[in-house]
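**Q** I'd like to ask you about the structure that follows.
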Amino acid sequence: MDDNKLLKLALDTGEAMLSGGAETHRVEDTMRRILATSHSEGVEAQALNTMLIVSIPSKEKGSLTLSRGIRKRSTNFEKICFANDLSRAFVSGEITLDDAAIVIAEVKNLPSFDPRLTTLCYGIAGASFCLVLGGVWLDGLISFALSFFIGFLLWLAREKNIPYCFTPLFGGFIAALGTSLFALWLPLQIDLVIIGSITPMLPGVTISNSVRDIMESNFISGTSKLAEACLIAASIACGVAFGLSILG
Amino acid sequence: MSTILYHSFVCIFACVSFSIIFNAPRHELIFCGINGFLSWFAYSICIQEFGFSITVSTAIAAMCITIFARFASFHRQVPATLYHIAGIMPLVPGTAIYNTMQAAVQGHIIETYSYLLDVVKYAGGIGIGSIMILALPYGVFEVIPRRTRKFGYRKKSSAKKQ
């Protein structure tokens with residue numbers, strides 16, 4: 001079996017998982033299983049927050065190592081499922097190495113929901129959290145409108161490759177400013193509407209993955225994800241503070 | 001009790017919306033919704049009926065979420081991350097972050113640190129609750145039948161070869 005092809009398959013699968021938001025332990029385990037199909041010992045697979053390193057001992061050429069930097073990360077469960085299915089099928093022998101190397105390139109064409117549906121779901125999520133925290137239907141409606149607009153801005157930011165720490169700032173600003181404007185005419189519970197609107201931007205996935213990584217001794221990826229989560233939360237808080245200070 | 005049920009029902013919509021935002025496969029959305037219901041229900045019951053503190057309630061809710069996530073992932077043959085994250089979403093501390101920001105802007109130092117500690121309590125509760133169930137071996141969750149799935153991406157590759 002071609003060692004280079006196997007390494008590349010493991011890296012591609014690990015990249016699909018990591019850029020889909022899987023936790024470090026799962027990525028390393030998947031890559032190790034793929035590499036272990038042809039080498040029983042001496043296999044190394046390391047996954048950091050933005051980097052993957054794989055290494056196998058090759059008889060002819062000594063040790064082979066490949067690394068790759070992961071620049072674009074988001075949360076995309078379809079990618080995680082796809083990579084998981086592919087690695088299971090490859091390890092159990094259902095699919096050969098050459099076929100797998102072709103199929104992994106399909107990761108760009110995975111089915112995804114329409115961006116309009118996604119933006120609508122930002123609105124529904126914001127409104128639902130406003131209602132859960134004790135708001136009435138009017139609060140939920142304003143929160144729906146603001147979250148919908150914030151979802152549209154986030155989609156625009158992804159299209160234009162705007163840095164990740166800027167969008168929460170702007171989103172928090174829009175949420176606070178919009179709520180203050182609406183509160184001039186309507187009887188709103190300002191706190192609940194703002195909290196409901198900012199909830200879709202909160203780094204829940206990042207916090208949960210970082211705590212899990214730290215407790216499984218992946219300290220580098222855990223603490224870096226914790227720093228990212230703190231930065232995003234602080235950006236949201238600053239944006240909301242700016243927005244509230246304009247209209248009081 | 002009826003408020004708790006109403007809020008948990010609304011949480012279903014929230015968690016399904018988050019799963020759509022995160023591009024989950026279509027057939028798993030119902031389980032994400034059930035996990036959302038379970039998460040807020042367990043958290044509210046612990047806080048209101050039993051009177052536990054924030055950390056303990058969040059940890060117990062996170063344990064319920066993770067147990068359901070692992071059972072469902074074994075049955076559906078899908079990584080547990082999907083259901084786990086969809087269930088965690090209602091527990092993430094939005095209110096505590098907002099209160100921290102407000103207290104900091106108004107200059108109340110003691111309240112700022114108190115709300116900041118709340119944020120840490122929520123995050124720590126989620127972590128502790130999740131890790132206690134995630135550390136269990138795989139065999140504990142193999143009691144329910146799994147559905148059989150074939151790897152469905154082969155057709156595209158053979159079509160491409162032609």
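For the structure tokens, the naming scheme is as follows: chains receive sequential letters (A, B, ...) according to their order of presentation, residues are indexed from 1 within each chain, and ligands are indexed from 1 in presentation order.
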Using only C-alpha atoms, which protein or nucleic acid residues come within 8 Å of range 29-31 of chain B? Drop anything in the same chain fewer than 3 positions from it, and give the result as number ranges by chain.
**A** B: 16, 19-20, 24-26, 34-35, 72, 83
**Q** Listing only residues of chain B within 6 Å of chain A, what is the closest atom pair and its distance in Å (to one decimal) for each, using only C-alpha atoms, sorted by chain and residue number ascending, as CSV?
**A**
```
residue,atom,partner,partner_atom,distance
B:His7,CA,A:Val132,CA,5.0
B:Val10,CA,A:Ser128,CA,5.9
B:Ala14,CA,A:Ala125,CA,4.4
B:Ser17,CA,A:Cys121,CA,4.8
B:Ile21,CA,A:Thr118,CA,5.3
B:Phe22,CA,A:Asn76,CA,5.1
B:Asn23,CA,A:Asn76,CA,5.3
B:Ala24,CA,A:Phe77,CA,4.9
B:Pro25,CA,A:Glu78,CA,5.9
B:Val92,CA,A:Gly204,CA,5.7
B:Met101,CA,A:Ala237,CA,5.6
B:Gly127,CA,A:Val211,CA,5.4
B:Ser157,CA,A:Val103,CA,5.7
```
**Q** If you run DSSP on the backbone, which residues of range 6-242 of chain A are helix (DSSP H, G or I), as a ChimeraX atom specification?
**A** /A:6-18,24-35,77-91,97-109,115-132,137-160,166-183,190-201,204-215,219-242
**Q** So how many Å separate CA of Met17 in chain A and CA of Thr30 in chain A, to one decimal?
**A**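 If I compute the distance from CA of Met17 in chain A to CA of Thr30 in chain A, I get 9.0 Å.
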**Q** So, with only C-alpha atoms as the atoms that count, which of A:Leu146, A:Ile70, A:Val107, A:Leu231 lies closest to Phe166 in chain A?
**A** A:Leu231
**Q** Smallest atom-to-atom distance to Gly33 in chain B: which of B:Gly124, B:Gly87, B:Pro79, B:Pro93, using only C-alpha atoms?
**A**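 Counting only C-alpha atoms, the residue closest to Gly33 in chain B is B:Gly87.
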**Q** Which one is closest to Ile47 in chain B: B:Val105, B:Ala80, B:Leu136, B:Ile4? Count only C-alpha atoms.
**A**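 Of B:Val105, B:Ala80, B:Leu136, B:Ile4, the one nearest Ile47 in chain B, counting only C-alpha atoms, is B:Ile4.
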**Q** Record the distance separating CA of Arg146 in chain B and CA of Gln77 in chain B, expressed in Å with one decimal.
**A**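 Calculated distance between CA of Arg146 in chain B and CA of Gln77 in chain B is 7.1 Å.
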**Q** Can you pull out the residues contacting Leu35 in chain A? Cut-off 7 Å, using only C-alpha atoms, and skip same-chain residues under 4 positions away; I want them as a PyMOL selection string.
**A** chain A and resi 6+10+31+39+43
**Q** Give me, as a tab-separated table, the closest atom pair and its distance (Å, one decimal) for every residue of range 31-106 of chain A within a cut-off of 12 Å of range 225-228 of chain A, counting only C-alpha atoms, rows sorted by chain and rising number.
**A**
```
residue	atom	partner	partner_atom	distance
A:Leu48	CA	A:Lys225	CA	10.1
A:Asn49	CA	A:Lys225	CA	7.3
A:Thr50	CA	A:Lys225	CA	10.2
A:Arg73	CA	A:Lys225	CA	11.8
```
**Q** CA of Leu169 in chain A to CA of Ile232 in chain A: how many Å, to one decimal?
**A** 8.1 Å
**Q** Within 9 Å of Arg32 in chain A, counting only C-alpha atoms, which residues qualify if same-chain residues fewer than 5 places away don't, as a list in words?
**A**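 Neighbouring residues, sequence-local ones excluded: Ala10, Val27, Thr37, Val43, Glu44, Ala45, Gln46 and Val54 of chain A.
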**Q** For Leu116 in chain B, find every residue with an atom within 12 Å (counting only C-alpha atoms), except residues of its own chain fewer than 2 positions away, and show them as a list in words.
**A**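 These residues fall inside the cut-off: Cys230, Ala233 and Ala234 of chain A; Pro93, Gly94, Thr95, Ala96, Ile97, Tyr98, Asn99, Thr100, Met101, Gln102, Ala103, Ala104, Ile109, Ile110, Glu111, Thr112, Tyr113, Ser114, Asp118, Val119, Val120, Lys121, Tyr122 and Ala123 of chain B.
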